[in-house]
Amino acid sequence: MTIWTPNIEHRDGPRYAAIADAIGEAIAAEELADGVKLPPQRDMAWKLGVTVGTISRAYRLAFDRGLVSGEVGR
């Protein structure tokens, strides 16, 4: 797991999309390396001041965009 946290303060649109966009940008900038685990949803939600549902949507959007992969229970 990584301690990476996106900065979404100055982004337009829904927060979940801003988080997914930030994940994509961090991957492109090599801030997030291949195989690194993203923070747990509850941790990310607390750090960003959003709901766990928002993080779930963001992670799902990042998955749908092919940015991340996931395995239940890992």
# chains A, B, ... in the order shown; residues from 1 in each chain; ligands from 1
call {"tool": "residues_around", "arguments": {"residues": "Ala20 of chain A", "least_positions_apart": "2", "cutoff": "7 Å", "atoms": "only C-alpha atoms", "output": "ChimeraX atom specification"}}
result
/A:16-18,22-24,58-59,61-62
call {"tool": "residues_around", "arguments": {"residues": "Leu32 of chain A", "least_positions_apart": "5", "cutoff": "12 Å", "atoms": "only C-alpha atoms", "output": "list in words"}}
result
Met1, Thr2, Ile3, Trp4, Thr5, Pro6, Ala22, Ile23, Gly24, Glu25, Ala26, Ile27, Lys37, Leu38, Pro39, Leu67 and Val68 of chain A
call {"tool": "closest_residue", "arguments": {"among": "A:Ala29, A:Pro14, A:Asp43, A:Gly35", "to": "Arg57 of chain A", "atoms": "only C-alpha atoms"}}
result
A:Pro14
call {"tool": "select_by_dssp", "arguments": {"residues": "chain A", "states": "helix (DSSP H, G or I)", "output": "PyMOL selection string"}}
result
chain A and resi 15-28+41-48+52-64
